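Visitor: Provided below: coords25.cif, containing mmCIF, C-alpha atoms, pLDDT in the B column; chains and numbers go by the auth columns.
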```
data_structure
loop_
_atom_site.group_PDB
_atom_site.id
_atom_site.type_symbol
_atom_site.label_atom_id
_atom_site.label_comp_id
_atom_site.label_asym_id
_atom_site.label_seq_id
_atom_site.Cartn_x
_atom_site.Cartn_y
_atom_site.Cartn_z
_atom_site.B_iso_or_equiv
_atom_site.auth_seq_id
_atom_site.auth_asym_id
ATOM 1 C CA MET A 1 -8.522 46.296 85.827 48.00 2 A
ATOM 2 C CA ALA A 2 -5.210 48.149 85.457 46.00 3 A
ATOM 3 C CA LEU A 3 -4.507 47.447 89.112 43.00 4 A
ATOM 4 C CA LEU A 4 -5.161 43.719 88.558 42.00 5 A
ATOM 5 C CA ILE A 5 -2.784 43.481 85.596 42.00 6 A
ATOM 6 C CA GLY A 6 -0.141 45.377 87.495 44.00 7 A
ATOM 7 C CA SER A 7 -0.511 43.026 90.460 46.00 8 A
ATOM 8 C CA LEU A 8 -0.061 39.993 88.187 40.00 9 A
ATOM 9 C CA LEU A 9 3.071 41.415 86.678 42.00 10 A
ATOM 10 C CA THR A 10 4.465 42.102 90.130 47.00 11 A
ATOM 11 C CA ALA A 11 3.619 38.592 91.239 45.00 12 A
ATOM 12 C CA CYS A 12 5.423 37.080 88.216 47.00 13 A
ATOM 13 C CA ASP A 13 8.619 38.940 89.036 50.00 14 A
ATOM 14 C CA THR A 14 10.888 36.406 90.724 48.00 15 A
ATOM 15 C CA GLY A 15 13.331 39.023 91.853 50.00 16 A
ATOM 16 C CA ASP A 16 16.184 37.424 90.014 49.00 17 A
ATOM 17 C CA GLY A 17 16.145 40.010 87.256 48.00 18 A
ATOM 18 C CA THR A 18 14.123 37.867 84.929 46.00 19 A
ATOM 19 C CA THR A 19 10.637 38.915 83.991 46.00 20 A
ATOM 20 C CA LEU A 20 8.276 36.412 82.346 45.00 21 A
ATOM 21 C CA GLN A 21 6.531 37.719 79.258 50.00 22 A
ATOM 22 C CA VAL A 22 2.775 37.519 79.133 49.00 23 A
ATOM 23 C CA PRO A 23 1.770 35.378 76.119 47.00 24 A
ATOM 24 C CA VAL A 24 -0.245 37.258 73.594 50.00 25 A
ATOM 25 C CA ALA A 25 -2.728 35.331 71.466 49.00 26 A
ATOM 26 C CA PRO A 26 -2.775 36.277 67.772 49.00 27 A
ATOM 27 C CA THR A 27 -5.529 38.606 67.008 51.00 28 A
ATOM 28 C CA THR A 28 -5.652 37.925 63.233 50.00 29 A
ATOM 29 C CA THR A 29 -5.730 34.798 60.981 52.00 30 A
ATOM 30 C CA VAL A 30 -4.448 34.279 57.398 52.00 31 A
ATOM 31 C CA PRO A 31 -7.346 35.067 55.055 57.00 32 A
ATOM 32 C CA ILE A 32 -8.614 32.218 52.874 58.00 33 A
ATOM 33 C CA ASP A 33 -7.808 32.689 49.183 58.00 34 A
ATOM 34 C CA THR A 34 -11.148 32.531 47.450 59.00 35 A
ATOM 35 C CA THR A 35 -9.768 33.277 43.952 58.00 36 A
ATOM 36 C CA PRO A 36 -11.295 30.656 41.592 58.00 37 A
ATOM 37 C CA LEU A 37 -8.824 28.246 39.965 53.00 38 A
ATOM 38 C CA PRO A 38 -8.340 28.694 36.210 54.00 39 A
ATOM 39 C CA SER A 39 -10.342 26.189 34.163 51.00 40 A
ATOM 40 C CA LEU A 40 -9.110 24.455 30.977 47.00 41 A
ATOM 41 C CA PRO A 41 -11.286 24.385 27.860 50.00 42 A
ATOM 42 C CA LEU A 42 -12.960 21.082 27.108 44.00 43 A
ATOM 43 C CA THR A 43 -11.369 19.048 24.317 45.00 44 A
ATOM 44 C CA ASP A 44 -11.998 15.756 22.528 45.00 45 A
ATOM 45 C CA GLU A 45 -8.284 15.020 22.350 46.00 46 A
ATOM 46 C CA VAL A 46 -7.228 11.882 24.208 42.00 47 A
ATOM 47 C CA LEU A 47 -4.293 12.805 26.405 44.00 48 A
ATOM 48 C CA PRO A 48 -1.649 10.387 27.707 44.00 49 A
ATOM 49 C CA GLY A 49 -2.993 8.509 30.687 45.00 50 A
ATOM 50 C CA ASP A 50 -6.627 9.126 29.835 49.00 51 A
ATOM 51 C CA ASP A 51 -8.897 6.188 30.484 47.00 52 A
ATOM 52 C CA VAL A 52 -10.189 5.054 27.086 41.00 53 A
ATOM 53 C CA ALA A 53 -11.738 1.816 28.210 46.00 54 A
ATOM 54 C CA GLY A 54 -14.566 0.826 25.929 45.00 55 A
ATOM 55 C CA ASP A 55 -13.125 2.851 23.022 46.00 56 A
ATOM 56 C CA THR A 56 -10.552 0.320 21.783 47.00 57 A
ATOM 57 C CA LEU A 57 -10.136 -0.093 18.003 44.00 58 A
ATOM 58 C CA SER A 58 -11.111 -3.267 16.223 47.00 59 A
ATOM 59 C CA THR A 59 -10.295 -4.664 12.802 46.00 60 A
ATOM 60 C CA SER A 60 -13.668 -3.406 11.605 51.00 61 A
ATOM 61 C CA ASP A 61 -12.333 0.155 11.952 49.00 62 A
ATOM 62 C CA PHE A 62 -9.923 -0.419 9.070 46.00 63 A
ATOM 63 C CA ASP A 63 -10.484 -0.929 5.380 54.00 64 A
ATOM 64 C CA GLU A 64 -8.913 -4.308 4.600 52.00 65 A
ATOM 65 C CA THR A 65 -8.252 -3.206 1.013 52.00 66 A
ATOM 66 C CA GLU A 66 -5.649 -0.764 2.358 60.00 67 A
ATOM 67 C CA PHE A 67 -3.509 -3.746 3.372 61.00 68 A
ATOM 68 C CA ALA A 68 -4.214 -6.044 0.416 73.00 69 A
ATOM 69 C CA GLU A 69 -1.288 -6.958 -1.817 86.00 70 A
ATOM 70 C CA PRO A 70 -1.592 -5.108 -5.135 94.00 71 A
ATOM 71 C CA PHE A 71 -2.147 -7.026 -8.360 96.00 72 A
ATOM 72 C CA SER A 72 1.329 -7.192 -9.889 96.00 73 A
ATOM 73 C CA VAL A 73 3.123 -8.862 -12.776 96.00 74 A
ATOM 74 C CA ILE A 74 6.701 -10.117 -12.366 96.00 75 A
ATOM 75 C CA ALA A 75 9.078 -10.548 -15.314 96.00 76 A
ATOM 76 C CA PRO A 76 12.792 -11.384 -15.657 95.00 77 A
ATOM 77 C CA TRP A 77 13.509 -7.644 -16.000 96.00 78 A
ATOM 78 C CA LEU A 78 12.752 -4.604 -13.869 96.00 79 A
ATOM 79 C CA ASP A 79 9.985 -2.236 -14.882 97.00 80 A
ATOM 80 C CA GLY A 80 11.439 0.020 -17.559 97.00 81 A
ATOM 81 C CA GLY A 81 14.703 -1.919 -17.585 97.00 82 A
ATOM 82 C CA PRO A 82 16.489 -3.829 -20.353 98.00 83 A
ATOM 83 C CA VAL A 83 15.167 -7.209 -21.464 97.00 84 A
ATOM 84 C CA ASP A 84 17.633 -10.084 -21.459 96.00 85 A
ATOM 85 C CA PRO A 85 18.889 -10.797 -25.009 96.00 86 A
ATOM 86 C CA ARG A 86 17.712 -14.413 -24.820 95.00 87 A
ATOM 87 C CA HIS A 87 14.160 -13.096 -25.299 97.00 88 A
ATOM 88 C CA THR A 88 15.142 -11.144 -28.434 97.00 89 A
ATOM 89 C CA CYS A 89 15.999 -11.935 -32.041 96.00 90 A
ATOM 90 C CA ASP A 90 19.686 -11.507 -31.163 95.00 91 A
ATOM 91 C CA GLY A 91 19.418 -14.392 -28.703 95.00 92 A
ATOM 92 C CA ALA A 92 17.477 -17.624 -28.474 94.00 93 A
ATOM 93 C CA GLY A 93 14.180 -15.801 -28.856 95.00 94 A
ATOM 94 C CA ASP A 94 12.625 -17.653 -25.906 95.00 95 A
ATOM 95 C CA ALA A 95 9.434 -16.455 -24.255 95.00 96 A
ATOM 96 C CA PRO A 96 10.053 -15.038 -20.779 95.00 97 A
ATOM 97 C CA GLY A 97 8.784 -16.657 -17.610 95.00 98 A
ATOM 98 C CA ILE A 98 6.007 -14.597 -16.020 95.00 99 A
ATOM 99 C CA ALA A 99 4.624 -14.643 -12.463 96.00 100 A
ATOM 100 C CA TRP A 100 1.959 -12.670 -10.604 96.00 101 A
ATOM 101 C CA THR A 101 0.859 -11.733 -7.106 96.00 102 A
ATOM 102 C CA GLY A 102 -2.185 -10.150 -5.466 97.00 103 A
ATOM 103 C CA VAL A 103 -4.783 -11.731 -7.745 96.00 104 A
ATOM 104 C CA PRO A 104 -8.034 -9.813 -7.127 96.00 105 A
ATOM 105 C CA ASP A 105 -11.078 -11.573 -5.689 95.00 106 A
ATOM 106 C CA GLY A 106 -13.432 -12.752 -8.408 95.00 107 A
ATOM 107 C CA THR A 107 -10.694 -13.529 -10.927 97.00 108 A
ATOM 108 C CA VAL A 108 -11.693 -16.535 -13.036 96.00 109 A
ATOM 109 C CA GLU A 109 -8.808 -16.445 -15.496 96.00 110 A
ATOM 110 C CA ILE A 110 -5.505 -14.674 -16.038 96.00 111 A
ATOM 111 C CA ALA A 111 -4.395 -13.484 -19.481 96.00 112 A
ATOM 112 C CA LEU A 112 -1.320 -11.639 -20.731 97.00 113 A
ATOM 113 C CA SER A 113 -0.111 -9.621 -23.681 97.00 114 A
ATOM 114 C CA LEU A 114 3.301 -8.367 -24.720 98.00 115 A
ATOM 115 C CA VAL A 115 3.093 -5.640 -27.370 98.00 116 A
ATOM 116 C CA ASP A 116 5.179 -3.000 -29.108 97.00 117 A
ATOM 117 C CA GLU A 117 2.926 0.057 -29.027 93.00 118 A
ATOM 118 C CA ALA A 118 5.234 2.080 -31.294 93.00 119 A
ATOM 119 C CA ASN A 119 5.136 -0.503 -34.066 93.00 120 A
ATOM 120 C CA MET A 120 1.706 -0.608 -35.670 92.00 121 A
ATOM 121 C CA VAL A 121 0.345 -3.405 -37.864 90.00 122 A
ATOM 122 C CA ASP A 122 -3.061 -2.888 -39.512 88.00 123 A
ATOM 123 C CA GLY A 123 -3.708 -0.037 -37.111 90.00 124 A
ATOM 124 C CA ARG A 124 -2.948 -2.136 -34.022 93.00 125 A
ATOM 125 C CA PRO A 125 0.192 -2.345 -31.834 95.00 126 A
ATOM 126 C CA PHE A 126 2.435 -5.245 -32.815 97.00 127 A
ATOM 127 C CA ALA A 127 1.465 -8.186 -30.575 98.00 128 A
ATOM 128 C CA HIS A 128 4.476 -10.340 -29.727 97.00 129 A
ATOM 129 C CA TRP A 129 2.633 -12.639 -27.351 97.00 130 A
ATOM 130 C CA VAL A 130 -0.973 -13.117 -26.214 96.00 131 A
ATOM 131 C CA VAL A 131 -2.012 -15.888 -23.832 95.00 132 A
ATOM 132 C CA ALA A 132 -5.445 -16.392 -22.228 94.00 133 A
ATOM 133 C CA GLY A 133 -7.316 -18.966 -20.164 94.00 134 A
ATOM 134 C CA ILE A 134 -4.601 -19.212 -17.463 95.00 135 A
ATOM 135 C CA ASP A 135 -5.614 -20.577 -14.069 95.00 136 A
ATOM 136 C CA PRO A 136 -4.941 -17.799 -11.500 95.00 137 A
ATOM 137 C CA ALA A 137 -3.836 -20.407 -8.956 94.00 138 A
ATOM 138 C CA ALA A 138 -0.917 -21.404 -11.201 93.00 139 A
ATOM 139 C CA GLY A 139 0.952 -18.314 -10.001 93.00 140 A
ATOM 140 C CA ARG A 140 3.321 -18.338 -12.970 93.00 141 A
ATOM 141 C CA LEU A 141 3.770 -19.088 -16.625 92.00 142 A
ATOM 142 C CA VAL A 142 7.061 -20.825 -17.377 86.00 143 A
ATOM 143 C CA SER A 143 8.093 -19.876 -20.904 71.00 144 A
ATOM 144 C CA THR A 144 5.690 -21.639 -23.288 67.00 145 A
ATOM 145 C CA ASP A 145 4.855 -24.479 -20.896 80.00 146 A
ATOM 146 C CA LEU A 146 1.189 -23.593 -20.699 87.00 147 A
ATOM 147 C CA PRO A 147 -0.972 -24.808 -17.803 87.00 148 A
ATOM 148 C CA PRO A 148 -4.087 -26.842 -18.667 88.00 149 A
ATOM 149 C CA GLY A 149 -6.833 -24.701 -20.205 88.00 150 A
ATOM 150 C CA ALA A 150 -4.516 -21.902 -21.368 91.00 151 A
ATOM 151 C CA PHE A 151 -4.024 -21.068 -25.052 92.00 152 A
ATOM 152 C CA GLU A 152 -1.839 -18.816 -27.199 93.00 153 A
ATOM 153 C CA ALA A 153 -3.139 -16.522 -29.928 94.00 154 A
ATOM 154 C CA PHE A 154 -1.639 -15.783 -33.324 95.00 155 A
ATOM 155 C CA ASN A 155 0.957 -13.032 -32.893 96.00 156 A
ATOM 156 C CA SER A 156 1.435 -10.177 -35.354 96.00 157 A
ATOM 157 C CA SER A 157 4.073 -12.196 -37.213 94.00 158 A
ATOM 158 C CA GLY A 158 1.342 -14.655 -38.172 93.00 159 A
ATOM 159 C CA GLU A 159 2.511 -17.453 -35.879 94.00 160 A
ATOM 160 C CA VAL A 160 0.964 -19.029 -32.796 93.00 161 A
ATOM 161 C CA GLY A 161 2.878 -18.223 -29.635 93.00 162 A
ATOM 162 C CA TYR A 162 5.780 -15.901 -28.897 96.00 163 A
ATOM 163 C CA ALA A 163 7.500 -13.640 -31.440 97.00 164 A
ATOM 164 C CA SER A 164 10.948 -12.537 -30.245 97.00 165 A
ATOM 165 C CA LEU A 165 11.514 -8.858 -29.548 97.00 166 A
ATOM 166 C CA CYS A 166 13.417 -7.336 -32.464 96.00 167 A
ATOM 167 C CA PRO A 167 13.586 -3.556 -32.894 96.00 168 A
ATOM 168 C CA ASP A 168 15.340 -2.095 -35.915 94.00 169 A
ATOM 169 C CA PRO A 169 19.144 -1.897 -35.665 95.00 170 A
ATOM 170 C CA GLY A 170 20.297 1.340 -34.049 95.00 171 A
ATOM 171 C CA THR A 171 17.016 1.824 -32.196 96.00 172 A
ATOM 172 C CA THR A 172 15.511 1.053 -28.789 97.00 173 A
ATOM 173 C CA GLY A 173 12.142 -0.667 -28.637 97.00 174 A
ATOM 174 C CA VAL A 174 9.802 -0.345 -25.676 97.00 175 A
ATOM 175 C CA TYR A 175 7.616 -3.376 -24.964 98.00 176 A
ATOM 176 C CA VAL A 176 4.607 -3.365 -22.650 98.00 177 A
ATOM 177 C CA LEU A 177 3.622 -6.478 -20.718 98.00 178 A
ATOM 178 C CA ARG A 178 0.070 -6.529 -19.377 98.00 179 A
ATOM 179 C CA LEU A 179 -1.522 -9.062 -17.082 97.00 180 A
ATOM 180 C CA PHE A 180 -5.333 -9.153 -17.109 98.00 181 A
ATOM 181 C CA ALA A 181 -7.596 -10.277 -14.275 97.00 182 A
ATOM 182 C CA VAL A 182 -10.651 -11.690 -16.042 96.00 183 A
ATOM 183 C CA GLY A 183 -13.973 -12.280 -14.317 94.00 184 A
ATOM 184 C CA GLN A 184 -15.239 -14.899 -16.801 92.00 185 A
ATOM 185 C CA GLN A 185 -13.957 -17.469 -19.253 88.00 186 A
ATOM 186 C CA VAL A 186 -12.533 -15.985 -22.425 87.00 187 A
ATOM 187 C CA GLU A 187 -14.587 -17.249 -25.345 75.00 188 A
ATOM 188 C CA ALA A 188 -11.709 -17.827 -27.746 72.00 189 A
ATOM 189 C CA GLY A 189 -9.503 -20.741 -28.596 66.00 190 A
ATOM 190 C CA PHE A 190 -6.050 -21.856 -29.615 69.00 191 A
ATOM 191 C CA GLY A 191 -4.777 -19.912 -32.616 75.00 192 A
ATOM 192 C CA ALA A 192 -7.292 -17.059 -32.455 88.00 193 A
ATOM 193 C CA PRO A 193 -5.943 -13.755 -33.848 93.00 194 A
ATOM 194 C CA ALA A 194 -4.212 -11.652 -31.190 94.00 195 A
ATOM 195 C CA ALA A 195 -6.288 -8.584 -32.043 94.00 196 A
ATOM 196 C CA ASP A 196 -9.546 -10.486 -31.442 93.00 197 A
ATOM 197 C CA VAL A 197 -8.371 -11.887 -28.106 94.00 198 A
ATOM 198 C CA LEU A 198 -7.179 -8.455 -26.967 95.00 199 A
ATOM 199 C CA ASP A 199 -10.567 -6.954 -27.821 93.00 200 A
ATOM 200 C CA VAL A 200 -12.239 -9.572 -25.631 93.00 201 A
ATOM 201 C CA LEU A 201 -9.773 -8.973 -22.789 94.00 202 A
ATOM 202 C CA ASP A 202 -10.368 -5.229 -22.905 93.00 203 A
ATOM 203 C CA ALA A 203 -14.085 -5.901 -22.535 92.00 204 A
ATOM 204 C CA VAL A 204 -14.108 -8.529 -19.770 93.00 205 A
ATOM 205 C CA SER A 205 -11.032 -7.780 -17.612 95.00 206 A
ATOM 206 C CA PHE A 206 -11.577 -5.759 -14.419 96.00 207 A
ATOM 207 C CA ASP A 207 -7.969 -5.213 -13.325 97.00 208 A
ATOM 208 C CA VAL A 208 -4.688 -4.919 -15.222 97.00 209 A
ATOM 209 C CA ALA A 209 -1.080 -5.043 -14.021 98.00 210 A
ATOM 210 C CA THR A 210 1.512 -3.437 -16.313 97.00 211 A
ATOM 211 C CA LEU A 211 5.284 -3.622 -16.697 97.00 212 A
ATOM 212 C CA SER A 212 7.549 -2.426 -19.529 98.00 213 A
ATOM 213 C CA GLY A 213 10.966 -3.385 -20.832 98.00 214 A
ATOM 214 C CA THR A 214 13.407 -2.093 -23.419 98.00 215 A
ATOM 215 C CA VAL A 215 15.549 -3.695 -26.112 98.00 216 A
ATOM 216 C CA THR A 216 18.389 -1.789 -27.776 97.00 217 A
ATOM 217 C CA ARG A 217 20.127 -3.060 -30.906 93.00 218 A
#
```
Show how you would write the structure in this file as structure tokens.

Guide:
Amino acid sequence: MALLIGSLLTACDTGDGTTLQVPVAPTTTVPIDTTPLPSLPLTDEVLPGDDVAGDTLSTSDFDETEFAEPFSVIAPWLDGGPVDPRHTCDGAGDAPGIAWTGVPDGTVEIALSLVDEANMVDGRPFAHWVVAGIDPAAGRLVSTDLPPGAFEAFNSSGEVGYASLCPDPGTTGVYVLRLFAVGQQVEAGFGAPAADVLDVLDAVSFDVATLSGTVTR
């Protein structure tokens, strides 16, 4: 065998000083990496690009009450702010215009009260204005221009309708306006005592919106 290889090498020599190299086949190959790939823990989190077909949200997945407009009362003054003098005894003494939004479902009537809780009369807060039997669809009460079916109670001054706001000189009065959502007709009538109407409203109303105002003299 050695003689044969030697003969081949001699035969490949061209005599020009150049000797061809015998190709040598590789005797080894790159080993296959069998190390297992790291695995990620399973998760319920939806990652960007994940296919979520069939899992789309619908309106039934949300509570509609979260987006409902809240029951609110709107007056000519900001909550906790000063009341315009025209609604006081130092002005014309006119009743304020009142509006409302977000009337709850099931409201049959709207009623309102405007009281001075720091000024007690016969053990009750002084009632400056109590109105009941208001149609919720009216949306507003313009001064004393009552919508059909509405009525005013006797205020704590002994008169039907609005009693102007009038704290003692040198003091600041705080007046609370409440709007009642009532689920039934109020069984009272024109000229009923304010205290009686308020007792009925406390019993039959199921939602109340509140706003306060101040008067300084």

Visitor: Hey, can I get the axis-aligned box for range 122-138 of chain A? All listed atoms, 4 Å padding on each side, centre and edge lengths in Å to one decimal, as lines of an AutoDock Vina configuration file.

Guide:
```
center_x = -1.4
center_y = -10.3
center_z = -24.2
size_x = 19.8
size_y = 28.5
size_z = 38.6
```

Visitor: Could you state which residues are captured by the PyMOL selection byres ((chain A and resi 182) around 6) in this file, as number ranges by chain?

Guide: A: 108, 111, 181, 183, 206, 208

Visitor: For Cys167 in chain A, list every protein, DNA or RNA residue within 8 Å, evaluated using only C-alpha atoms, and leave out those in the same chain fewer than 3 positions away; present the list as a PyMOL selection string.

Guide: chain A and resi 89-91+174+216

Visitor: Taking all atoms listed in the file into account, which of A:Leu79, A:Val161, A:Ala69, A:Val132 comes nearest Thr211 in chain A?

Guide: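 For Thr211 in chain A, the nearest of the given residues is A:Leu79.
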
Visitor: Which residue, A:Asp169, A:Ala210, A:Gly92, A:Ile135, has the smallest gap to Val109 in chain A when you use only C-alpha atoms?

Guide: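 With only C-alpha atoms as the atom set, the closest residue is A:Ile135.
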